[in-house]
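Visitor: File query_37.txt below, compact mmCIF, C-alpha atoms and all ligand atoms:
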# COMPACT_ATOMS: atom_id res chain seq x y z
CA MET A 1488 -139.57 37.47 -143.43
CA LYS A 1489 -141.55 37.91 -140.24
CA VAL A 1490 -145.33 38.07 -140.57
CA VAL A 1491 -147.68 39.39 -137.90
CA SER A 1492 -151.22 38.01 -138.08
CA ARG A 1493 -154.20 40.34 -138.17
CA SER A 1494 -155.45 38.48 -135.11
CA LYS A 1495 -152.80 40.36 -133.08
CA VAL A 1496 -154.91 43.45 -132.70
CA VAL A 1497 -154.76 46.25 -130.12
CA TYR A 1498 -157.13 49.15 -129.55
CA SER A 1499 -154.65 51.43 -127.84
CA PHE A 1500 -151.05 52.54 -128.09
CA SER A 1501 -149.64 51.69 -124.67
CA LEU A 1502 -146.80 50.13 -122.73
CA LYS A 1503 -149.37 47.76 -121.24
CA ASN A 1504 -149.62 45.92 -124.56
CA SER A 1505 -147.02 43.16 -124.72
CA PRO A 1506 -145.01 42.90 -127.96
CA VAL A 1507 -146.28 40.28 -130.42
CA GLU A 1508 -143.09 40.33 -132.50
CA TYR A 1509 -139.49 41.55 -132.27
CA VAL A 1510 -137.62 42.98 -135.26
CA LYS A 1511 -134.20 44.40 -135.90
CA PRO A 1512 -133.61 47.58 -137.88
CA GLY A 1513 -133.27 46.68 -141.56
CA GLU A 1514 -135.35 43.49 -141.28
CA LEU A 1515 -138.47 43.16 -143.44
CA ILE A 1516 -141.75 42.65 -141.66
CA MET A 1517 -145.21 42.05 -143.09
CA ILE A 1518 -148.20 42.97 -140.96
CA GLU A 1519 -151.67 41.82 -141.80
CA THR A 1520 -154.45 44.22 -140.88
CA GLU A 1521 -158.20 43.86 -140.42
CA ASP A 1522 -160.43 46.55 -141.85
CA ALA A 1523 -161.18 49.44 -139.48
CA LEU A 1524 -164.67 48.08 -138.80
CA GLY A 1525 -163.17 44.91 -137.38
CA GLY A 1526 -164.35 42.85 -140.38
CA GLN A 1527 -167.88 42.94 -138.97
CA ILE A 1528 -169.66 44.23 -142.07
CA ARG A 1529 -170.06 41.73 -144.90
CA SER A 1530 -173.10 43.05 -146.72
CA GLU A 1531 -174.95 46.25 -147.54
CA ASN A 1532 -177.91 44.94 -145.52
CA TYR A 1533 -175.87 45.02 -142.35
CA LEU A 1534 -177.62 47.01 -139.61
CA LEU A 1535 -175.11 49.47 -138.23
CA GLU A 1536 -176.90 49.45 -134.86
CA LYS A 1537 -175.50 45.95 -134.41
CA ILE A 1538 -171.88 46.96 -134.75
CA ASP A 1539 -169.58 46.36 -131.80
CA TRP A 1540 -167.78 49.73 -131.57
CA SER A 1541 -165.19 48.24 -129.22
CA MET A 1542 -163.86 46.31 -132.25
CA VAL A 1543 -163.44 49.38 -134.45
CA ASN A 1544 -160.19 51.01 -135.61
CA GLY A 1545 -157.83 48.35 -134.27
CA ALA A 1546 -154.13 48.20 -135.14
CA THR A 1547 -151.88 45.17 -135.57
CA GLY A 1548 -149.05 44.93 -133.05
CA PRO A 1549 -147.32 46.06 -131.02
CA ILE A 1550 -143.95 45.33 -132.59
CA PHE A 1551 -140.79 45.78 -130.54
CA VAL A 1552 -137.99 47.34 -132.58
CA GLU A 1553 -134.68 46.22 -131.13
CA GLY A 1554 -132.37 49.05 -130.13
CA ALA A 1555 -135.10 51.72 -130.06
CA GLU A 1556 -134.82 53.86 -126.93
CA THR A 1557 -136.56 56.92 -125.54
CA GLY A 1558 -135.43 60.04 -127.42
CA ASP A 1559 -134.67 58.22 -130.69
CA THR A 1560 -136.50 58.47 -133.99
CA LEU A 1561 -138.14 55.42 -135.54
CA ALA A 1562 -138.05 55.65 -139.32
CA VAL A 1563 -140.67 53.46 -140.98
CA ASP A 1564 -140.28 52.65 -144.66
CA ILE A 1565 -143.63 51.75 -146.17
CA LEU A 1566 -142.59 49.37 -148.92
CA ASP A 1567 -145.94 47.96 -150.01
CA VAL A 1568 -149.62 48.20 -149.07
CA LYS A 1569 -151.86 45.45 -150.47
CA THR A 1570 -155.62 45.37 -150.03
CA ALA A 1571 -158.36 42.75 -150.14
CA ASP A 1572 -160.63 42.72 -153.21
CA HIS A 1573 -163.41 44.68 -151.54
CA GLY A 1574 -163.87 47.27 -148.85
CA VAL A 1575 -166.71 48.96 -147.05
CA ILE A 1576 -167.77 52.58 -146.54
CA VAL A 1577 -170.28 53.59 -143.90
CA VAL A 1578 -172.06 56.77 -142.99
CA VAL A 1579 -173.08 57.00 -139.37
CA PRO A 1580 -175.58 59.59 -138.10
CA LYS A 1581 -173.97 62.40 -136.06
CA ASN A 1582 -170.59 61.63 -137.63
CA GLY A 1583 -168.37 63.25 -140.21
CA VAL A 1584 -167.97 66.85 -141.34
CA LEU A 1585 -171.78 67.14 -141.74
CA SER A 1586 -172.54 65.61 -138.36
CA SER A 1587 -175.26 68.18 -137.64
CA LYS A 1588 -177.36 67.10 -140.67
CA ASN A 1589 -180.09 64.48 -140.53
CA PHE A 1590 -179.20 61.36 -142.48
CA ASN A 1591 -179.53 57.63 -142.19
CA ALA A 1592 -176.97 54.98 -141.33
CA SER A 1593 -175.83 53.43 -144.57
CA VAL A 1594 -173.36 50.81 -145.79
CA LYS A 1595 -171.76 50.44 -149.21
CA ILE A 1596 -169.54 47.56 -150.25
CA VAL A 1597 -166.90 48.70 -152.73
CA LYS A 1598 -165.28 46.17 -155.06
CA ILE A 1599 -161.62 46.63 -155.85
CA ARG A 1600 -160.61 45.39 -159.30
CA ASP A 1601 -157.36 45.90 -161.23
CA GLY A 1602 -156.33 48.87 -159.13
CA PHE A 1603 -159.71 50.60 -159.24
CA ALA A 1604 -162.38 50.98 -156.56
CA ILE A 1605 -165.86 50.67 -158.04
CA PHE A 1606 -168.34 53.03 -156.39
CA ASP A 1607 -171.75 52.67 -158.01
CA ARG A 1608 -170.83 53.12 -161.71
CA VAL A 1609 -167.76 55.25 -161.03
CA ARG A 1610 -164.28 53.74 -161.10
CA VAL A 1611 -161.64 55.51 -159.00
CA LYS A 1612 -157.96 54.61 -159.06
CA THR A 1613 -156.93 53.13 -155.71
CA ARG A 1614 -154.11 54.55 -153.66
CA PRO A 1615 -153.76 52.18 -150.69
CA MET A 1616 -152.71 54.02 -147.53
CA ILE A 1617 -152.31 53.44 -143.82
CA GLY A 1618 -154.84 55.34 -141.67
CA THR A 1619 -153.50 54.45 -138.23
CA ILE A 1620 -149.79 54.11 -137.53
CA GLY A 1621 -147.86 54.94 -134.41
CA VAL A 1622 -145.92 54.04 -131.30
CA SER A 1623 -146.59 53.79 -127.57
CA PRO A 1624 -146.69 57.03 -125.57
CA GLU A 1625 -144.40 57.41 -122.57
CA ALA A 1626 -147.17 56.47 -120.12
CA GLY A 1627 -150.86 55.67 -120.07
CA GLU A 1628 -152.72 54.63 -123.18
CA ILE A 1629 -154.06 56.40 -126.23
CA PRO A 1630 -156.96 54.79 -128.11
CA THR A 1631 -156.05 53.72 -131.66
CA GLY A 1632 -158.89 55.97 -132.87
CA SER A 1633 -157.07 59.11 -131.68
CA LEU A 1634 -153.95 60.92 -132.89
CA GLY A 1635 -151.06 62.83 -131.38
CA ARG A 1636 -147.30 63.17 -131.23
CA HIS A 1637 -147.11 59.37 -131.19
CA GLY A 1638 -148.91 59.16 -134.58
CA GLY A 1639 -152.16 57.21 -134.39
CA ASN A 1640 -155.30 57.73 -136.45
CA MET A 1641 -153.84 60.46 -138.66
CA ASP A 1642 -155.58 59.37 -141.89
CA VAL A 1643 -152.93 60.95 -144.09
CA LYS A 1644 -153.71 59.93 -147.67
CA LYS A 1645 -150.02 60.17 -148.59
CA LEU A 1646 -148.96 57.38 -146.18
CA THR A 1647 -148.59 55.04 -149.14
CA ALA A 1648 -145.97 52.64 -150.49
CA GLY A 1649 -142.76 54.49 -151.26
CA THR A 1650 -142.96 56.94 -148.38
CA ARG A 1651 -141.18 57.05 -145.04
CA LEU A 1652 -142.57 58.11 -141.67
CA TYR A 1653 -140.42 59.37 -138.79
CA LEU A 1654 -141.95 58.83 -135.34
CA PRO A 1655 -140.65 59.89 -131.92
CA VAL A 1656 -139.69 56.95 -129.68
CA PHE A 1657 -141.08 57.27 -126.15
CA VAL A 1658 -140.47 53.76 -124.75
CA GLU A 1659 -137.92 50.99 -125.18
CA GLY A 1660 -138.65 49.08 -128.41
CA ALA A 1661 -141.00 51.86 -129.61
CA LEU A 1662 -144.00 49.40 -129.57
CA PHE A 1663 -145.17 50.12 -133.10
CA ALA A 1664 -148.62 49.23 -134.43
CA ALA A 1665 -150.54 49.99 -137.62
CA GLY A 1666 -153.93 49.31 -139.18
CA ASP A 1667 -156.98 51.04 -140.66
CA ILE A 1668 -155.94 50.58 -144.30
CA HIS A 1669 -157.93 52.50 -146.90
CA ALA A 1670 -157.93 51.47 -150.56
CA LEU A 1671 -158.05 55.19 -151.16
CA GLN A 1672 -159.11 58.26 -149.23
CA ALA A 1673 -159.44 61.95 -149.86
CA ASP A 1674 -158.11 64.57 -147.45
CA GLY A 1675 -160.44 65.08 -144.50
CA GLU A 1676 -162.26 61.74 -144.96
CA LEU A 1677 -165.50 63.72 -145.03
CA CYS A 1678 -168.14 61.17 -144.08
CA VAL A 1679 -165.95 59.55 -141.32
CA SER A 1680 -164.97 56.41 -143.25
CA SER A 1681 -163.30 55.68 -146.55
CA VAL A 1682 -162.88 52.38 -148.40
CA GLU A 1683 -162.11 50.44 -145.23
CA VAL A 1684 -160.26 47.32 -146.24
CA ALA A 1685 -158.25 44.42 -144.86
CA GLY A 1686 -154.67 44.54 -145.99
CA GLU A 1687 -151.04 43.53 -145.81
CA VAL A 1688 -148.35 46.09 -145.17
CA LEU A 1689 -144.67 45.50 -145.85
CA LEU A 1690 -142.39 47.59 -143.65
CA ARG A 1691 -138.77 48.11 -142.75
CA PHE A 1692 -137.62 50.05 -139.69
CA SER A 1693 -134.49 52.04 -139.06
CA LEU A 1694 -133.39 54.20 -136.14
CA ILE A 1695 -131.93 57.64 -135.75
CA LYS A 1696 -130.31 57.67 -132.33
CA ASN A 1697 -130.62 60.48 -129.76
CA LYS A 1698 -132.69 62.76 -131.99
CA THR A 1699 -136.44 63.00 -132.11
CA PRO A 1700 -139.04 64.94 -134.07
CA GLU A 1701 -141.60 67.08 -132.30
CA TRP A 1702 -144.39 65.65 -134.47
CA PRO A 1703 -144.45 62.69 -136.87
CA ILE A 1704 -142.72 63.64 -140.13
CA LEU A 1705 -143.71 62.14 -143.46
CA GLU A 1706 -141.11 62.00 -146.22
CA THR A 1707 -142.37 61.67 -149.78
CA HIS A 1708 -140.39 61.82 -153.01
CA ASP A 1709 -140.26 65.61 -152.97
CA THR A 1710 -141.58 66.84 -149.60
CA PHE A 1711 -141.20 66.68 -145.84
CA GLU A 1712 -144.57 67.00 -144.10
CA ILE A 1713 -145.09 67.81 -140.41
CA LEU A 1714 -148.14 65.87 -139.17
CA ALA A 1715 -149.52 68.02 -136.36
CA CYS A 1716 -152.84 67.87 -134.56
CA GLY A 1717 -154.93 69.96 -132.17
CA GLU A 1718 -158.33 70.30 -130.58
CA SER A 1719 -159.64 72.25 -133.58
CA LEU A 1720 -158.56 72.72 -137.20
CA ASN A 1721 -157.43 76.26 -136.30
CA GLU A 1722 -155.30 75.02 -133.44
CA ALA A 1723 -153.84 72.20 -135.57
CA ALA A 1724 -153.02 74.70 -138.34
CA ALA A 1725 -151.24 76.98 -135.87
CA ILE A 1726 -149.22 74.11 -134.40
CA ALA A 1727 -148.22 72.80 -137.86
CA THR A 1728 -147.28 76.31 -138.98
CA GLU A 1729 -145.18 77.07 -135.93
CA SER A 1730 -143.34 73.77 -136.27
CA ALA A 1731 -142.59 74.53 -139.95
CA VAL A 1732 -141.44 78.09 -139.13
CA VAL A 1733 -139.08 76.82 -136.41
CA ALA A 1734 -137.63 74.24 -138.83
CA LEU A 1735 -137.09 76.91 -141.51
CA MET A 1736 -135.35 79.18 -138.96
CA ARG A 1737 -133.03 76.31 -138.09
CA GLU A 1738 -132.37 75.40 -141.72
CA HIS A 1739 -131.61 78.88 -143.04
CA GLY A 1740 -130.59 80.84 -139.94
CA TRP A 1741 -133.59 83.11 -140.50
CA SER A 1742 -135.39 85.24 -137.92
CA PHE A 1743 -138.93 84.24 -136.96
CA GLU A 1744 -140.25 87.01 -139.18
CA GLU A 1745 -138.29 85.84 -142.21
CA ALA A 1746 -139.23 82.18 -141.74
CA TYR A 1747 -142.88 83.16 -141.21
CA MET A 1748 -142.84 85.15 -144.46
CA PHE A 1749 -141.18 82.30 -146.32
CA GLY A 1750 -143.91 79.98 -145.04
CA SER A 1751 -146.44 82.01 -147.01
CA ILE A 1752 -144.39 81.42 -150.14
CA ALA A 1753 -143.49 77.77 -149.83
CA VAL A 1754 -145.38 75.82 -147.11
CA ASP A 1755 -148.78 74.28 -147.87
CA LEU A 1756 -151.20 73.52 -145.05
CA GLU A 1757 -153.26 70.42 -145.83
CA ILE A 1758 -156.06 68.87 -143.79
CA ASN A 1759 -155.87 65.20 -143.03
CA GLN A 1760 -158.08 64.65 -139.99
CA ALA A 1761 -161.37 66.60 -139.94
CA VAL A 1762 -163.79 64.02 -138.52
CA ASP A 1763 -162.30 62.78 -135.26
CA PRO A 1764 -162.39 64.69 -131.97
CA LYS A 1765 -158.77 65.77 -132.60
CA LYS A 1766 -158.06 67.46 -135.92
CA GLY A 1767 -154.99 66.87 -138.07
CA VAL A 1768 -153.26 69.44 -140.28
CA ARG A 1769 -149.96 68.89 -142.04
CA ALA A 1770 -147.38 71.48 -143.06
CA VAL A 1771 -145.91 70.44 -146.41
CA ILE A 1772 -142.40 71.73 -147.13
CA PRO A 1773 -140.70 71.02 -150.48
CA LYS A 1774 -137.37 69.25 -150.00
CA GLU A 1775 -135.53 71.99 -151.86
CA TYR A 1776 -136.10 74.26 -148.83
CA ILE A 1777 -135.58 71.90 -145.88
CA THR A 1778 -133.46 68.97 -144.76
CA LEU A 1779 -134.35 66.27 -142.26
CA ASN A 1780 -131.76 67.63 -139.84
CA SER A 1781 -133.82 70.74 -139.30
CA LEU A 1782 -136.94 68.70 -138.51
CA ILE A 1783 -135.40 66.25 -136.05
CA LYS A 1784 -133.16 67.43 -133.25
CA CA B 1 -159.03 56.29 -139.67
Any chance you could give the structure as structure tokens?
Ligand code: CA
Guide:
Amino acid sequence: MKVVSRSKVVYSFSLKNSPVEYVKPGELIMIETEDALGGQIRSENYLLEKIDWSMVNGATGPIFVEGAETGDTLAVDILDVKTADHGVIVVVPKNGVLSSKNFNASVKIVKIRDGFAIFDRVRVKTRPMIGTIGVSPEAGEIPTGSLGRHGGNMDVKKLTAGTRLYLPVFVEGALFAAGDIHALQADGELCVSSVEVAGEVLLRFSLIKNKTPEWPILETHDTFEILACGESLNEAAAIATESAVVALMREHGWSFEEAYMFGSIAVDLEINQAVDPKKGVRAVIPKEYITLNSLIK
């Protein structure tokens, strides 16, 4: 099995980043990831003013997937997400959902034992997930801290082992990268960080040729989820909704009006990204009402 070291870190999704590994569809690949704070914080006495923000929210890669071409879909099977035995949460003044409040910079080290994160005296079951995962855009570069049609810093708590992510391919080889593992995270990641942790992610890629999704699509056991984003939560919700309505029209041959009505019955809007400049909302459609074919064309 190929292993990519966590030292192979990038801070943007871009064609300018040379591949650090080549894989074929179906091959297993393990990528090691540094925590989203670049491993800089080792103790609760750490002074956040000292942090080098240029080393934050990196992703391991890029990985060149052989046979991937513009206009294809890269399917990423997340087979396993392992974490280190401790992570770190920070609050940073002027950040998070309550960015307008006055509060102090603060660091908490969270031990991870037997599948539980220990926060003060409260034990919370871990659910390791990938915060940042994506591919190179067609041109230019997108910081790994941002999100978009290429994926990126989506912070979707359901991007866990056992799920599959479909990403549009914009460049030859896709140039995939991932990082920013959280031992667990709630939707919205309120304070701007979760249990940021170093990890190891086991992946397998496959390709769907000549078809591409408009937005990244997450497949769980019982749902397809359209991972949209926008400049505000309202805009992201509208984009996710429209994408779901169009997919339902395609699936059932419904008019816009019918598909829009059905959305009220069956499609959940969930917030994933509330604390970065771009906001992420996902439209969650139960598999009984939609097939992949209607989401990728
Ligand atoms: Ca993140």
Visitor: Counting all atoms listed in the file, what are the residues of chain A within 8 Å of ligand CA 1 (chain B), and for each of them which pair of atoms is the nearest and at what distance in Å, to one decimal? Sort the table by chain and rising number, as JSON lines.
Guide:
{"residue": "A:Ala1523", "atom": "CA", "partner": "B:CA1", "partner_atom": "CA", "distance": 7.2}
{"residue": "A:Asn1544", "atom": "CA", "partner": "B:CA1", "partner_atom": "CA", "distance": 6.8}
{"residue": "A:Gly1618", "atom": "CA", "partner": "B:CA1", "partner_atom": "CA", "distance": 4.7}
{"residue": "A:Thr1619", "atom": "CA", "partner": "B:CA1", "partner_atom": "CA", "distance": 6.0}
{"residue": "A:Gly1632", "atom": "CA", "partner": "B:CA1", "partner_atom": "CA", "distance": 6.8}
{"residue": "A:Asn1640", "atom": "CA", "partner": "B:CA1", "partner_atom": "CA", "distance": 5.1}
{"residue": "A:Met1641", "atom": "CA", "partner": "B:CA1", "partner_atom": "CA", "distance": 6.7}
{"residue": "A:Asp1642", "atom": "CA", "partner": "B:CA1", "partner_atom": "CA", "distance": 5.1}
{"residue": "A:Asp1667", "atom": "CA", "partner": "B:CA1", "partner_atom": "CA", "distance": 5.7}
{"residue": "A:Ile1668", "atom": "CA", "partner": "B:CA1", "partner_atom": "CA", "distance": 8.0}
{"residue": "A:Val1679", "atom": "CA", "partner": "B:CA1", "partner_atom": "CA", "distance": 7.8}
{"residue": "A:Ser1680", "atom": "CA", "partner": "B:CA1", "partner_atom": "CA", "distance": 6.9}
Visitor: Give me the residues within 12 Å of Gly1548 of chain A as a PDB file with C-alpha atoms, keeping the file's coordinate frame, counting all atoms listed in the file and dropping any in the same chain fewer than 2 places off.
Guide:
ATOM      1  CA  VAL A1490    -145.330  38.070-140.570  1.00  0.00           C
ATOM      2  CA  VAL A1491    -147.680  39.390-137.900  1.00  0.00           C
ATOM      3  CA  SER A1492    -151.220  38.010-138.080  1.00  0.00           C
ATOM      4  CA  ARG A1493    -154.200  40.340-138.170  1.00  0.00           C
ATOM      5  CA  SER A1494    -155.450  38.480-135.110  1.00  0.00           C
ATOM      6  CA  LYS A1495    -152.800  40.360-133.080  1.00  0.00           C
ATOM      7  CA  VAL A1496    -154.910  43.450-132.700  1.00  0.00           C
ATOM      8  CA  VAL A1497    -154.760  46.250-130.120  1.00  0.00           C
ATOM      9  CA  TYR A1498    -157.130  49.150-129.550  1.00  0.00           C
ATOM     10  CA  SER A1499    -154.650  51.430-127.840  1.00  0.00           C
ATOM     11  CA  PHE A1500    -151.050  52.540-128.090  1.00  0.00           C
ATOM     12  CA  SER A1501    -149.640  51.690-124.670  1.00  0.00           C
ATOM     13  CA  LEU A1502    -146.800  50.130-122.730  1.00  0.00           C
ATOM     14  CA  ASN A1504    -149.620  45.920-124.560  1.00  0.00           C
ATOM     15  CA  SER A1505    -147.020  43.160-124.720  1.00  0.00           C
ATOM     16  CA  PRO A1506    -145.010  42.900-127.960  1.00  0.00           C
ATOM     17  CA  VAL A1507    -146.280  40.280-130.420  1.00  0.00           C
ATOM     18  CA  GLU A1508    -143.090  40.330-132.500  1.00  0.00           C
ATOM     19  CA  TYR A1509    -139.490  41.550-132.270  1.00  0.00           C
ATOM     20  CA  VAL A1510    -137.620  42.980-135.260  1.00  0.00           C
ATOM     21  CA  ILE A1516    -141.750  42.650-141.660  1.00  0.00           C
ATOM     22  CA  MET A1517    -145.210  42.050-143.090  1.00  0.00           C
ATOM     23  CA  ILE A1518    -148.200  42.970-140.960  1.00  0.00           C
ATOM     24  CA  GLU A1519    -151.670  41.820-141.800  1.00  0.00           C
ATOM     25  CA  THR A1520    -154.450  44.220-140.880  1.00  0.00           C
ATOM     26  CA  GLU A1521    -158.200  43.860-140.420  1.00  0.00           C
ATOM     27  CA  GLY A1545    -157.830  48.350-134.270  1.00  0.00           C
ATOM     28  CA  ALA A1546    -154.130  48.200-135.140  1.00  0.00           C
ATOM     29  CA  ILE A1550    -143.950  45.330-132.590  1.00  0.00           C
ATOM     30  CA  PHE A1551    -140.790  45.780-130.540  1.00  0.00           C
ATOM     31  CA  VAL A1552    -137.990  47.340-132.580  1.00  0.00           C
ATOM     32  CA  THR A1619    -153.500  54.450-138.230  1.00  0.00           C
ATOM     33  CA  ILE A1620    -149.790  54.110-137.530  1.00  0.00           C
ATOM     34  CA  GLY A1621    -147.860  54.940-134.410  1.00  0.00           C
ATOM     35  CA  VAL A1622    -145.920  54.040-131.300  1.00  0.00           C
ATOM     36  CA  SER A1623    -146.590  53.790-127.570  1.00  0.00           C
ATOM     37  CA  THR A1631    -156.050  53.720-131.660  1.00  0.00           C
ATOM     38  CA  ALA A1661    -141.000  51.860-129.610  1.00  0.00           C
ATOM     39  CA  LEU A1662    -144.000  49.400-129.570  1.00  0.00           C
ATOM     40  CA  PHE A1663    -145.170  50.120-133.100  1.00  0.00           C
ATOM     41  CA  ALA A1664    -148.620  49.230-134.430  1.00  0.00           C
ATOM     42  CA  ALA A1665    -150.540  49.990-137.620  1.00  0.00           C
ATOM     43  CA  GLY A1666    -153.930  49.310-139.180  1.00  0.00           C
TER      44      GLY A1666
END
Visitor: How many Å separate atom CA of Arg1769 of chain A from atom CA of Asn1697 of chain A?
Guide: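 Answer for the atom CA of Arg1769 of chain A to atom CA of Asn1697 of chain A separation: 24.4 Å.
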Visitor: Identify which of the residues A:Val1594, A:Leu1654, A:Ile1538, A:Val1771 lies closest to Val1563 of chain A, counting only C-alpha atoms when measuring atom-to-atom distances.
Guide: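 Going through A:Val1594, A:Leu1654, A:Ile1538, A:Val1771 one by one, the smallest distance to Val1563 of chain A is for A:Leu1654.
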Visitor: Would you kindly return, as a PyMOL selection string, each protein, DNA or RNA residue with an atom no farther than 7 Å from any atom of Asp1572 of chain A, considering only C-alpha atoms and excluding same-chain residues fewer than 2 positions away?
Guide: chain A and resi 1570+1598-1600
Visitor: Counting all atoms listed in the file, which of A:Met1748, A:Ile1565, A:Ala1753, A:Val1768 gets nearest to Ile1726 of chain A?
Guide: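 Of all the options, A:Val1768 lies closest to Ile1726 of chain A.
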Visitor: Can you tell me, as an MDAnalysis selection string, what residues are no more than 12 Å from Phe1749 of chain A when counting only C-alpha atoms, ignoring any on the same chain fewer than 2 positions away?
Guide: chainID A and resid 1728 1731:1736 1739 1741:1747 1751:1755 1772 1776:1777
Visitor: I need the chosen residues saved as a PDB file, in the coordinates of the input, with C-alpha atoms.
Guide:
ATOM      1  CA  THR A1728    -147.280  76.310-138.980  1.00  0.00           C
ATOM      2  CA  ALA A1731    -142.590  74.530-139.950  1.00  0.00           C
ATOM      3  CA  VAL A1732    -141.440  78.090-139.130  1.00  0.00           C
ATOM      4  CA  VAL A1733    -139.080  76.820-136.410  1.00  0.00           C
ATOM      5  CA  ALA A1734    -137.630  74.240-138.830  1.00  0.00           C
ATOM      6  CA  LEU A1735    -137.090  76.910-141.510  1.00  0.00           C
ATOM      7  CA  MET A1736    -135.350  79.180-138.960  1.00  0.00           C
ATOM      8  CA  HIS A1739    -131.610  78.880-143.040  1.00  0.00           C
ATOM      9  CA  TRP A1741    -133.590  83.110-140.500  1.00  0.00           C
ATOM     10  CA  SER A1742    -135.390  85.240-137.920  1.00  0.00           C
ATOM     11  CA  PHE A1743    -138.930  84.240-136.960  1.00  0.00           C
ATOM     12  CA  GLU A1744    -140.250  87.010-139.180  1.00  0.00           C
ATOM     13  CA  GLU A1745    -138.290  85.840-142.210  1.00  0.00           C
ATOM     14  CA  ALA A1746    -139.230  82.180-141.740  1.00  0.00           C
ATOM     15  CA  TYR A1747    -142.880  83.160-141.210  1.00  0.00           C
ATOM     16  CA  SER A1751    -146.440  82.010-147.010  1.00  0.00           C
ATOM     17  CA  ILE A1752    -144.390  81.420-150.140  1.00  0.00           C
ATOM     18  CA  ALA A1753    -143.490  77.770-149.830  1.00  0.00           C
ATOM     19  CA  VAL A1754    -145.380  75.820-147.110  1.00  0.00           C
ATOM     20  CA  ASP A1755    -148.780  74.280-147.870  1.00  0.00           C
ATOM     21  CA  ILE A1772    -142.400  71.730-147.130  1.00  0.00           C
ATOM     22  CA  TYR A1776    -136.100  74.260-148.830  1.00  0.00           C
ATOM     23  CA  ILE A1777    -135.580  71.900-145.880  1.00  0.00           C
TER      24      ILE A1777
END
Visitor: Tell me which protein, DNA and RNA residues are within 8 Å of Pro1764 of chain A, counting only C-alpha atoms, leaving out same-chain ones fewer than 2 positions away, and put them as a short mmCIF file (atom, residue, chain, number, x, y, z; two decimals) with C-alpha atoms, keeping the file's coordinate frame.
Guide:
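What ended up in selection16.cif:
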data_model
loop_
_atom_site.label_atom_id
_atom_site.label_comp_id
_atom_site.auth_asym_id
_atom_site.auth_seq_id
_atom_site.Cartn_x
_atom_site.Cartn_y
_atom_site.Cartn_z
CA SER A 1633 -157.07 59.11 -131.68
CA GLU A 1718 -158.33 70.30 -130.58
CA VAL A 1762 -163.79 64.02 -138.52
CA LYS A 1766 -158.06 67.46 -135.92
#
Visitor: Taking only C-alpha atoms into account, which of A:Asp1567, A:Glu1706, A:Glu1553, A:Asp1763 comes nearest Ser1693 of chain A?
Guide: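 Closest residue, counting only C-alpha atoms: A:Glu1553.
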Visitor: Between A:Leu1782, A:Val1579, A:Ala1555, A:Ala1626, which one has atoms that come closest to Trp1702 of chain A, using all atoms listed in the file?
Guide: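 That would be A:Leu1782, the residue with the smallest distance to Trp1702 of chain A.
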Visitor: Which residue is closest to Ala1670 of chain A? Choose from A:Thr1547, A:Ser1530, A:Asn1591, A:Thr1647 and count all atoms listed in the file.
Guide: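 Among the listed residues, A:Thr1647 lies closest to Ala1670 of chain A.
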Visitor: Let me make sure I understand: among A:Cys1678, A:Gly1639, A:Lys1765, A:Asp1564, which one has the smallest atom-to-atom distance to Lys1581 of chain A if we use only C-alpha atoms?
Guide: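 Between A:Cys1678, A:Gly1639, A:Lys1765, A:Asp1564, the residue approaching Lys1581 of chain A most closely is A:Cys1678.
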